Amino acid sequence: MKVRVHVMLKDGVLDPQGEAVKHALGTLGFAGVQGVRQGKVIELDLAATDRAAAEAEVKAMCEKLLANTVIEKYTVELMGETA
Amino acid sequence: MKAAVITFPGSNCDRDLAEAFAKAGASVARVWHKDADLPKGIDIVGIPGGFSFGDYLRCGAIAAQSPVMRSVADFVHGGGHAIGICNGFQVLTETGLLPGALMRNAGLKFVCKPVDLRVATAASVFTAGWTAGDVVRFPIAHHDGNYTIDAEGLARLKGEDRIAFTYVDNPNGAMADIAGVLSENRRVLGMMPHPERAVEGVQGGTDGAVLFRALMSAMALA
């Protein structure tokens with residue numbers, strides 16, 4: 001089972017890197033950029049084949065390590081079987 | 001006073017911290033991150049600055065999962081004292097032993113310079129050598145020192161007098177100018193500035209020695 005985890009700063013937590021990217025895009029002439037948030041993508045390849053079990057396991061991983069839930073939120077995307 | 005100083009792969013202030021403890025008169029044990037147990041009979045654990053595990057994932061996140069940190073958590077929960085400086089502060093927030101989190105500096109730059117700090121409370125074994133409101137100068141050297149906490153947590157820190165140091169001139173965007181915070185029982189201090197880099201004249205200042213001497217007198221009486 002391939003699983004993709006997206007980790008983003010929570011809404012309301014100022015993202016200085018996103019702000020810098022937004023500023024740089026403006027400098028390049030992209031005038032319409034109203035907001036930029038930068039996060040991380042973590043791809044996992046799991047032995048588990050049961051979707052519910054895999055999702056529960058990855059959520060536990062997020063809570064314990066992959067995200068700092070003081071400032072970050074995460075989403076878990078099940079990608080299906082390994083090719 | 002018996003102190004233990006932990007070393008992770010990528011720690012680079014562990015010797016400085018051990019020297020600062022020793023200079024104040026402590027006996028110091030050095031502990032490797034894979035050691036499951038802390039030495040017996042210690043009074044305080046020091047978690048040093050540096051770039052543990054290359055700052056992979058988040059600063060301090062991997063170190064927080066080291067075997068030794070389970071012993072540190074047990075030691076702290078049993079009433080033990082701990083000080084985490086710079087990366088050590090990040091490790092303590094990642095383990096949940098201190099509240100809040102350290103984010104990327106608001107200016108996005110690594111900031112490395114001496115800064116003035118206001119001692120926000122003298123009510124701890126770490127800050128008892130000063131009077132609240134005193135201004136001291138320690139070096140900072142970090143990329144992720146932008147302290148943040150939710151509104152409720154901030155109100156609690158303020159209400160319980162748990163902000164240990166604030167920046168006179170905020171270098172990193174930290175909420176409420178916070179440079180260091182205390183745990184609920186006031187026995188754990190986390191701070192971004194480096195008192196251990198200000199204990200001898202050759203380092204450019206000796207304000208940090210006050211902290212280690214205050215610890216020594218508190219622990220010697222204990």
# chains A, B, ... in the order shown; residues from 1 in each chain; ligands from 1
$ select_by_dssp --residues "chain A" --states "strand (DSSP E)" --output "PyMOL selection string"
chain A and resi 2-9+40-45+72-80
$ residues_around --residues "stretch 34-44 of chain A" --least-positions-apart "6" --cutoff "8 Å" --atoms "only C-alpha atoms" --output "list in words"
Lys2, Val3, Arg4, Val5, His6, Val7, Met8, Leu9, Asp15, Gln17, Gly18, Glu19, Val21 and Lys22 of chain A
$ write_last_selection --atoms "N, CA and C atoms" --output "compact mmCIF listing (two decimals), in the first residue's frame"
# COMPACT_ATOMS: atom_id res chain seq x y z
N LYS A 2 0.68 2.09 -1.02
CA LYS A 2 1.41 3.37 -1.02
C LYS A 2 0.51 4.44 -0.41
N VAL A 3 1.11 5.21 0.45
CA VAL A 3 0.35 6.23 1.16
C VAL A 3 1.11 7.55 1.05
N ARG A 4 0.36 8.62 0.81
CA ARG A 4 0.99 9.93 0.74
C ARG A 4 0.43 10.79 1.86
N VAL A 5 1.34 11.38 2.62
CA VAL A 5 0.95 12.24 3.74
C VAL A 5 1.30 13.69 3.37
N HIS A 6 0.34 14.57 3.51
CA HIS A 6 0.59 16.00 3.32
C HIS A 6 0.61 16.66 4.68
N VAL A 7 1.69 17.36 4.98
CA VAL A 7 1.79 18.09 6.25
C VAL A 7 1.84 19.58 5.93
N MET A 8 0.92 20.32 6.51
CA MET A 8 0.86 21.78 6.29
C MET A 8 0.79 22.48 7.63
N LEU A 9 1.28 23.72 7.69
CA LEU A 9 1.05 24.51 8.89
C LEU A 9 -0.46 24.73 9.02
N ASP A 15 3.12 31.48 7.98
CA ASP A 15 4.09 30.65 7.27
C ASP A 15 5.12 31.57 6.61
N GLN A 17 7.92 31.03 5.19
CA GLN A 17 8.45 30.56 3.90
C GLN A 17 7.44 30.79 2.79
N GLY A 18 6.17 30.50 3.07
CA GLY A 18 5.12 30.75 2.08
C GLY A 18 5.05 32.23 1.71
N GLU A 19 5.19 33.09 2.72
CA GLU A 19 5.16 34.53 2.48
C GLU A 19 6.32 34.96 1.58
N VAL A 21 7.90 33.06 -0.60
CA VAL A 21 7.64 32.55 -1.96
C VAL A 21 6.63 33.45 -2.67
N LYS A 22 5.61 33.87 -1.94
CA LYS A 22 4.60 34.76 -2.51
C LYS A 22 5.24 36.07 -2.98
$ residues_around --residues "B:Gly205" --least-positions-apart "2" --cutoff "12 Å" --atoms "only C-alpha atoms" --output "PyMOL selection string"
chain B and resi 114-116+136-139+194-203+207-210
$ closest_atom_pairs --of "chain A" --to "chain B" --cutoff "8 Å" --atoms "only C-alpha atoms" --output "CSV"
residue,atom,partner,partner_atom,distance
A:Pro16,CA,B:Ala106,CA,5.5
A:Gln17,CA,B:Leu108,CA,7.0
A:Leu65,CA,B:Ala61,CA,6.9
A:Leu66,CA,B:Leu57,CA,7.4
A:Asn68,CA,B:Glu94,CA,7.4
A:Val70,CA,B:Gly100,CA,6.5
A:Ile71,CA,B:Ala101,CA,7.1
$ write_last_selection --atoms "N, CA and C atoms" --output "PDB file, in the first residue's frame"
ATOM      1  N   PRO A  16       6.235  31.826   7.286  1.00  0.00           N
ATOM      2  CA  PRO A  16       7.196  32.785   6.727  1.00  0.00           C
ATOM      3  C   PRO A  16       7.756  32.346   5.375  1.00  0.00           C
ATOM      4  N   GLN A  17       7.916  31.026   5.187  1.00  0.00           N
ATOM      5  CA  GLN A  17       8.450  30.562   3.899  1.00  0.00           C
ATOM      6  C   GLN A  17       7.438  30.789   2.792  1.00  0.00           C
ATOM      7  N   LEU A  65       4.997  11.409  15.065  1.00  0.00           N
ATOM      8  CA  LEU A  65       6.279  11.846  14.496  1.00  0.00           C
ATOM      9  C   LEU A  65       6.153  12.742  13.265  1.00  0.00           C
ATOM     10  N   LEU A  66       5.346  12.329  12.292  1.00  0.00           N
ATOM     11  CA  LEU A  66       5.422  12.987  10.983  1.00  0.00           C
ATOM     12  C   LEU A  66       4.958  14.435  11.016  1.00  0.00           C
ATOM     13  N   ASN A  68       3.966  17.861  13.672  1.00  0.00           N
ATOM     14  CA  ASN A  68       3.930  18.442  15.022  1.00  0.00           C
ATOM     15  C   ASN A  68       2.571  19.114  15.144  1.00  0.00           C
ATOM     16  N   VAL A  70       1.101  20.679  17.239  1.00  0.00           N
ATOM     17  CA  VAL A  70       0.993  22.008  17.858  1.00  0.00           C
ATOM     18  C   VAL A  70       0.825  23.068  16.764  1.00  0.00           C
ATOM     19  N   ILE A  71       1.532  22.877  15.656  1.00  0.00           N
ATOM     20  CA  ILE A  71       1.514  23.897  14.602  1.00  0.00           C
ATOM     21  C   ILE A  71       1.096  23.355  13.237  1.00  0.00           C
TER      22      ILE A  71
END
$ atom_distance --atom1 "atom CA of B:Leu215" --atom2 "atom CA of B:Ala20"
11.2 Å
$ select_by_dssp --residues "stretch 2-222 of chain B" --states "helix (DSSP H, G or I)" --output "ChimeraX atom specification"
/B:14-23,52-55,63-65,67-77,87-94,151-159,175-177,195-197,201-203,207-221
$ write_last_selection --atoms "C-alpha atoms" --output "mmCIF file, in the first residue's frame"
data_model
loop_
_atom_site.group_PDB
_atom_site.id
_atom_site.type_symbol
_atom_site.label_atom_id
_atom_site.label_comp_id
_atom_site.auth_asym_id
_atom_site.auth_seq_id
_atom_site.Cartn_x
_atom_site.Cartn_y
_atom_site.Cartn_z
ATOM 1 C CA ASP B 14 27.478 19.485 24.266
ATOM 2 C CA ARG B 15 31.073 20.141 25.313
ATOM 3 C CA ASP B 16 30.375 23.812 25.934
ATOM 4 C CA LEU B 17 27.433 22.892 28.142
ATOM 5 C CA ALA B 18 29.475 20.283 30.027
ATOM 6 C CA GLU B 19 32.249 22.869 30.544
ATOM 7 C CA ALA B 20 29.761 25.464 31.807
ATOM 8 C CA PHE B 21 28.371 22.999 34.344
ATOM 9 C CA ALA B 22 31.887 21.971 35.390
ATOM 10 C CA LYS B 23 33.038 25.583 35.712
ATOM 11 C CA SER B 52 20.597 16.764 15.979
ATOM 12 C CA PHE B 53 19.979 14.316 13.123
ATOM 13 C CA GLY B 54 20.615 17.120 10.644
ATOM 14 C CA ASP B 55 17.337 18.834 11.575
ATOM 15 C CA ALA B 63 16.116 13.280 18.669
ATOM 16 C CA ALA B 64 12.864 13.377 20.624
ATOM 17 C CA GLN B 65 12.413 9.685 19.721
ATOM 18 C CA PRO B 67 16.053 5.967 23.672
ATOM 19 C CA VAL B 68 17.621 8.419 26.134
ATOM 20 C CA MET B 69 14.694 10.827 25.819
ATOM 21 C CA ARG B 70 12.367 8.254 27.349
ATOM 22 C CA SER B 71 14.637 8.250 30.412
ATOM 23 C CA VAL B 72 14.718 12.046 30.381
ATOM 24 C CA ALA B 73 10.902 12.125 30.343
ATOM 25 C CA ASP B 74 10.791 9.685 33.277
ATOM 26 C CA PHE B 75 13.392 11.758 35.134
ATOM 27 C CA VAL B 76 11.417 14.981 34.555
ATOM 28 C CA HIS B 77 8.085 13.384 35.456
ATOM 29 C CA ASN B 87 18.246 22.570 19.660
ATOM 30 C CA GLY B 88 17.725 21.223 23.184
ATOM 31 C CA PHE B 89 14.727 23.548 23.544
ATOM 32 C CA GLN B 90 13.379 22.222 20.237
ATOM 33 C CA VAL B 91 13.855 18.645 21.473
ATOM 34 C CA LEU B 92 11.960 19.432 24.703
ATOM 35 C CA THR B 93 8.990 20.901 22.810
ATOM 36 C CA GLU B 94 8.995 17.947 20.402
ATOM 37 C CA ALA B 151 -3.592 31.781 22.601
ATOM 38 C CA GLU B 152 -4.695 29.640 25.510
ATOM 39 C CA GLY B 153 -1.182 28.312 26.053
ATOM 40 C CA LEU B 154 0.296 31.804 25.909
ATOM 41 C CA ALA B 155 -2.216 33.055 28.463
ATOM 42 C CA ARG B 156 -1.236 30.163 30.707
ATOM 43 C CA LEU B 157 2.485 30.847 30.387
ATOM 44 C CA LYS B 158 1.879 34.486 31.283
ATOM 45 C CA GLY B 159 -0.596 33.765 34.064
ATOM 46 C CA MET B 175 5.461 35.235 19.939
ATOM 47 C CA ALA B 176 5.429 37.733 22.826
ATOM 48 C CA ASP B 177 9.239 38.066 22.345
ATOM 49 C CA PRO B 195 24.072 30.853 28.345
ATOM 50 C CA GLU B 196 26.831 28.217 28.063
ATOM 51 C CA ARG B 197 28.505 30.403 25.431
ATOM 52 C CA GLY B 201 35.478 36.502 29.373
ATOM 53 C CA VAL B 202 37.115 35.075 26.265
ATOM 54 C CA GLN B 203 33.626 34.263 24.946
ATOM 55 C CA ASP B 207 26.271 36.668 32.016
ATOM 56 C CA GLY B 208 25.578 32.976 31.465
ATOM 57 C CA ALA B 209 27.726 31.991 34.446
ATOM 58 C CA VAL B 210 25.038 33.496 36.703
ATOM 59 C CA LEU B 211 22.591 30.812 35.542
ATOM 60 C CA PHE B 212 24.982 27.927 36.197
ATOM 61 C CA ARG B 213 26.051 29.339 39.587
ATOM 62 C CA ALA B 214 22.378 29.754 40.579
ATOM 63 C CA LEU B 215 21.786 26.105 39.640
ATOM 64 C CA MET B 216 24.818 25.073 41.661
ATOM 65 C CA SER B 217 23.629 26.856 44.789
ATOM 66 C CA ALA B 218 20.099 25.474 44.452
ATOM 67 C CA MET B 219 21.304 21.910 43.904
ATOM 68 C CA ALA B 220 23.984 22.040 46.579
ATOM 69 C CA LEU B 221 21.294 22.932 49.128
#
$ residues_around --residues "B:Asp134" --least-positions-apart "3" --cutoff "7 Å" --atoms "only C-alpha atoms" --output "ChimeraX atom specification"
/B:118-119,130-131
$ residues_around --residues "B:Leu189" --least-positions-apart "2" --cutoff "12 Å" --atoms "only C-alpha atoms" --output "ChimeraX atom specification"
/B:44-47,76,80-86,88-93,97-99,121,123-127,162-165,179-187,191-193,195,211,215
$ residues_around --residues "B:His142" --least-positions-apart "4" --cutoff "7 Å" --atoms "only C-alpha atoms" --output "MDAnalysis selection string"
chainID B and resid 110:112
